[in-house]
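This report refers to the structure that appears directly beneath it.
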Amino acid sequence: MALYDLVAPRLEERGDPRYRIADIRDADPLGADALLAAVPAMNDHADVPALTVALRALLPDRELAAEWSVVDALAAMRDLGILLGSLKRHGTQPAAAVPEVVPILELLGRRTDMVPRDTVHHYTTWNPLGPRQRMYTGDPMEGRLQEAVRMTFPGLVAALDTCARLATLEPYDPGFAVALDRTAHHVQSIVDAIDFTVAHVSPEYFALTLRPYFEEIDVDGRDYLGPAAAQVPLWLIDLTLWQCDRSDPAYDAFLADSVEYSLPSWRGFHARYAGGISAVSKLSAAVSWESGDRLPPQLAASAHALGRVLKILKTFRARHIGIARKAYADDVRLYDEGSGGAPVALLRSILDLTRDNETLVRRASQGVSGAAPSPADRAGTARPQAAHVPAQPSPAATAAPSPVSAGAGAYAPRAYAAGRPGRLR
């Protein structure tokens, strides 16, 4: 167990077999350890015949696979996935080379309630550590990249709990700031992970050597993306903080494609809170009803805590863009888009949205006048749709709608709905 596994301890006690990380790592239902240890050499020689034989050799009996636990089914998909990505990297559709893999992938997808191929969770969190670690290249930088993604998993799981709590609270509730402080603590792991990646994985290695293994594959006529960092659901944290009512059409479209690659409980989280009232909108509405130069202490604490979380997200995204620009520079890149299907321009747009909301909250916490919603928003008119935020930073700053007026809409904090400013019913 690594130190970061202790951020959200006892995951296995939550009842979801997908959180039984140690058990999934230990599982080897296909007896694949020895064969997969040879995959980096096969890839180094672009040995498609050997990879094809390996995939066919690992296919389980369908009746046996139908009886597997979720833990064993996840481990089996993980191990088949290394061969799927390897074959596609060398220009071969796995289903064309080994047609009998398709019903097995579909069976494992149904058994685990996930897409019928491996995801970033199979490739990183559920991947064994040490000599049994499954890799495409065997390069130490590949192992470091897998480690960086693993670092984020416990903190993100814990952050979803605090975000769910946050969605039930108002900015005047003492628990609002507490939930945000805990969220900030948990999401700090993503900044640690990106710093770890910068220190240990070169953009050239990712762009030229590793990225080709993450290509989509065809399963019964439909393309499924390979393991991608975009499948690490930072967007679920965005959801309750700002994205559910202050988003952008391009980001919404990207998320619609990404949700299916997440865990079942995380898809449920998205369905539950999409279309709700974000923490930023709640705070902005509360601030708009205050008069004077100072906010009440509890509201100020909530604003400060929300700004801290958004600053962490902004920091991560700025550093992520730095890596992406190097990996997808014209003189390096093999692809126009990231492995999750997002171009660098979309990453810039999401950073702009995060920065806009962080700036709004920071101004609110400082008691700056003019940060209130428009009179139409206070009156309860329908919330206008957020306009598209261009990828270029300067147009985004001028063309994006005011974050305050874009999301408050008909919402008013409970204290004011009751006609008792500063007090909750």
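Within each chain, counting starts at residue 1; across the structure tokens, chains are named A, B, ... in the order shown, with ligands numbered 1 upward in that order.
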All strand (DSSP E) residues (DSSP, backbone) inside region 121-351 of chain A, as a CSV table (one decimal) with C-alpha atoms, in the first residue's frame:
chain,number,residue,atom,x,y,z
A,217,ILE,CA,-10.8,0.0,-30.7
A,218,ASP,CA,-13.9,-1.3,-32.5
A,219,VAL,CA,-16.2,-3.6,-30.5
A,222,ARG,CA,-18.6,0.9,-32.0
A,223,ASP,CA,-15.4,2.6,-31.1
A,224,TYR,CA,-14.3,2.7,-27.5
Which residues of region 83-179 of chain A have any atom within 8 Å of an atom in region 265-283 of chain A when counting only C-alpha atoms, and what is the closest pair of atoms for each, with the distance in Å to one decimal? Order the rows by chain and rising number and write it as a tab-separated table.
residue	atom	partner	partner_atom	distance
A:Leu166	CA	A:Ala279	CA	7.6
A:Ala167	CA	A:Ala279	CA	7.3
A:Glu170	CA	A:Lys282	CA	6.8
A:Pro171	CA	A:Leu283	CA	5.8
Can those selected residues be exported to a file as an mmCIF file, in the first residue's frame so that it contains all heavy atoms?
data_model
loop_
_atom_site.group_PDB
_atom_site.id
_atom_site.type_symbol
_atom_site.label_atom_id
_atom_site.label_comp_id
_atom_site.auth_asym_id
_atom_site.auth_seq_id
_atom_site.Cartn_x
_atom_site.Cartn_y
_atom_site.Cartn_z
ATOM 1 N N LEU A 166 -21.775 18.832 0.178
ATOM 2 C CA LEU A 166 -21.850 20.244 -0.178
ATOM 3 C C LEU A 166 -23.140 20.573 -0.918
ATOM 4 O O LEU A 166 -23.734 21.633 -0.695
ATOM 5 C CB LEU A 166 -20.642 20.603 -1.050
ATOM 6 C CG LEU A 166 -20.539 22.032 -1.550
ATOM 7 C CD1 LEU A 166 -20.257 22.976 -0.388
ATOM 8 C CD2 LEU A 166 -19.441 22.141 -2.610
ATOM 9 N N ALA A 167 -23.577 19.669 -1.776
ATOM 10 C CA ALA A 167 -24.775 19.927 -2.587
ATOM 11 C C ALA A 167 -26.037 20.074 -1.750
ATOM 12 O O ALA A 167 -27.028 20.625 -2.224
ATOM 13 C CB ALA A 167 -24.958 18.804 -3.606
ATOM 14 N N GLU A 170 -26.181 25.234 2.232
ATOM 15 C CA GLU A 170 -26.209 26.625 1.784
ATOM 16 C C GLU A 170 -24.952 27.338 2.291
ATOM 17 O O GLU A 170 -24.337 26.908 3.269
ATOM 18 C CB GLU A 170 -27.442 27.335 2.341
ATOM 19 C CG GLU A 170 -28.754 26.673 2.001
ATOM 20 C CD GLU A 170 -29.146 26.855 0.537
ATOM 21 O OE1 GLU A 170 -28.509 27.688 -0.138
ATOM 22 O OE2 GLU A 170 -30.083 26.189 0.094
ATOM 23 N N PRO A 171 -24.551 28.437 1.645
ATOM 24 C CA PRO A 171 -23.327 29.127 2.064
ATOM 25 C C PRO A 171 -23.336 29.622 3.506
ATOM 26 O O PRO A 171 -22.274 29.859 4.081
ATOM 27 C CB PRO A 171 -23.240 30.308 1.081
ATOM 28 C CG PRO A 171 -23.968 29.839 -0.128
ATOM 29 C CD PRO A 171 -25.104 29.007 0.405
#
Which of region 161-301 of chain A end up as helix (DSSP H, G or I) when DSSP is run on this backbone - answer as a compact mmCIF listing (two decimals) with C-alpha atoms, in the first residue's frame?
# COMPACT_ATOMS: atom_id res chain seq x y z
CA ASP A 161 -18.31 12.32 -0.64
CA THR A 162 -17.64 15.88 0.44
CA CYS A 163 -19.10 17.28 -2.80
CA ALA A 164 -22.28 15.27 -2.24
CA ARG A 165 -22.49 16.78 1.23
CA LEU A 166 -21.85 20.24 -0.18
CA PRO A 174 -21.16 26.15 8.86
CA GLY A 175 -20.79 22.79 7.11
CA PHE A 176 -20.53 24.49 3.69
CA ALA A 177 -17.01 25.79 4.34
CA VAL A 178 -16.06 22.57 6.14
CA ALA A 179 -17.09 20.45 3.17
CA LEU A 180 -15.11 22.70 0.85
CA ASP A 181 -12.01 22.60 3.07
CA ARG A 182 -12.15 18.81 3.03
CA THR A 183 -12.63 18.81 -0.73
CA ALA A 184 -9.57 21.04 -1.13
CA HIS A 185 -7.54 18.64 0.99
CA HIS A 186 -8.60 15.69 -1.14
CA VAL A 187 -8.13 17.28 -4.58
CA GLN A 188 -4.63 18.48 -3.72
CA SER A 189 -3.59 15.00 -4.86
CA ILE A 190 -4.22 15.96 -8.49
CA VAL A 191 -1.68 18.78 -8.26
CA ASP A 192 0.79 16.42 -6.62
CA ALA A 193 0.17 13.96 -9.44
CA ILE A 194 0.76 16.49 -12.22
CA ASP A 195 3.96 17.67 -10.55
CA PHE A 196 5.07 14.04 -10.26
CA THR A 197 4.35 13.55 -13.96
CA VAL A 198 6.31 16.64 -14.97
CA ALA A 199 9.27 15.43 -12.94
CA HIS A 200 9.32 11.86 -14.22
CA PRO A 203 6.34 14.92 -23.12
CA GLU A 204 8.28 13.33 -25.99
CA TYR A 205 8.04 9.86 -24.46
CA PHE A 206 4.30 10.22 -23.94
CA ALA A 207 3.61 11.72 -27.37
CA LEU A 208 5.77 9.44 -29.49
CA THR A 209 5.97 6.17 -27.57
CA LEU A 210 3.06 5.75 -25.15
CA ARG A 211 0.19 7.73 -26.68
CA PRO A 212 -0.27 5.30 -29.64
CA TYR A 213 -1.23 2.51 -27.22
CA PHE A 214 -4.31 4.45 -26.08
CA ALA A 229 -6.38 10.60 -18.16
CA ALA A 230 -9.68 12.28 -19.06
CA GLN A 231 -11.42 9.24 -17.57
CA LEU A 234 -12.07 15.56 -12.07
CA TRP A 235 -15.17 16.77 -13.90
CA LEU A 236 -17.28 15.23 -11.14
CA ILE A 237 -15.68 17.67 -8.72
CA ASP A 238 -16.42 20.49 -11.15
CA LEU A 239 -20.03 19.35 -11.32
CA THR A 240 -21.16 20.47 -7.87
CA LEU A 241 -18.69 23.34 -7.58
CA TRP A 242 -19.64 25.16 -10.80
CA GLN A 243 -20.21 23.04 -13.91
CA PRO A 249 -21.43 23.58 -24.66
CA ALA A 250 -18.06 22.18 -25.71
CA TYR A 251 -17.30 20.98 -22.16
CA ASP A 252 -20.81 19.55 -21.83
CA ALA A 253 -20.36 17.57 -25.06
CA PHE A 254 -17.00 16.25 -23.91
CA LEU A 255 -18.45 15.15 -20.58
CA ALA A 256 -21.35 13.40 -22.28
CA ASP A 257 -18.80 11.20 -24.03
CA SER A 258 -16.64 10.70 -20.93
CA VAL A 259 -19.28 9.73 -18.36
CA GLU A 260 -19.71 6.18 -19.67
CA TYR A 261 -16.05 5.36 -18.95
CA PRO A 264 -21.21 2.90 -12.02
CA SER A 265 -21.50 4.84 -8.75
CA TRP A 266 -19.76 7.80 -10.34
CA ARG A 267 -22.18 7.77 -13.26
CA GLY A 268 -24.94 7.83 -10.66
CA PHE A 269 -23.29 10.83 -8.99
CA HIS A 270 -23.29 12.66 -12.32
CA ALA A 271 -26.94 11.85 -12.99
CA ARG A 272 -27.92 12.97 -9.49
CA TYR A 273 -26.26 16.39 -9.54
CA ALA A 279 -21.77 26.06 -5.06
CA VAL A 280 -20.63 29.12 -7.01
CA SER A 281 -24.21 30.05 -7.91
CA LYS A 282 -25.36 29.59 -4.32
CA LEU A 283 -22.54 31.77 -3.04
CA SER A 284 -23.05 34.45 -5.70
CA ALA A 285 -26.77 34.67 -4.90
CA ALA A 286 -26.08 34.92 -1.17
CA VAL A 287 -23.49 37.66 -1.65
CA SER A 288 -25.89 39.62 -3.86
CA PRO A 297 -18.25 35.73 8.95
CA GLN A 298 -19.80 32.43 7.88
CA LEU A 299 -20.46 33.63 4.34
CA ALA A 300 -16.92 34.98 4.12
CA ALA A 301 -15.57 31.62 5.31
Worksheet item: What does the distance from CA of His304 (chain A) to CA of Ala148 (chain A) come to in Å, to one decimal?
Response: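 Going from CA of His304 (chain A) over to CA of Ala148 (chain A) covers 28.7 Å.
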Worksheet item: Could you work out how far CA of Pro60 (chain A) lies from CA of Glu100 (chain A), giving the answer in Å with one decimal?
Response: 10.3 Å
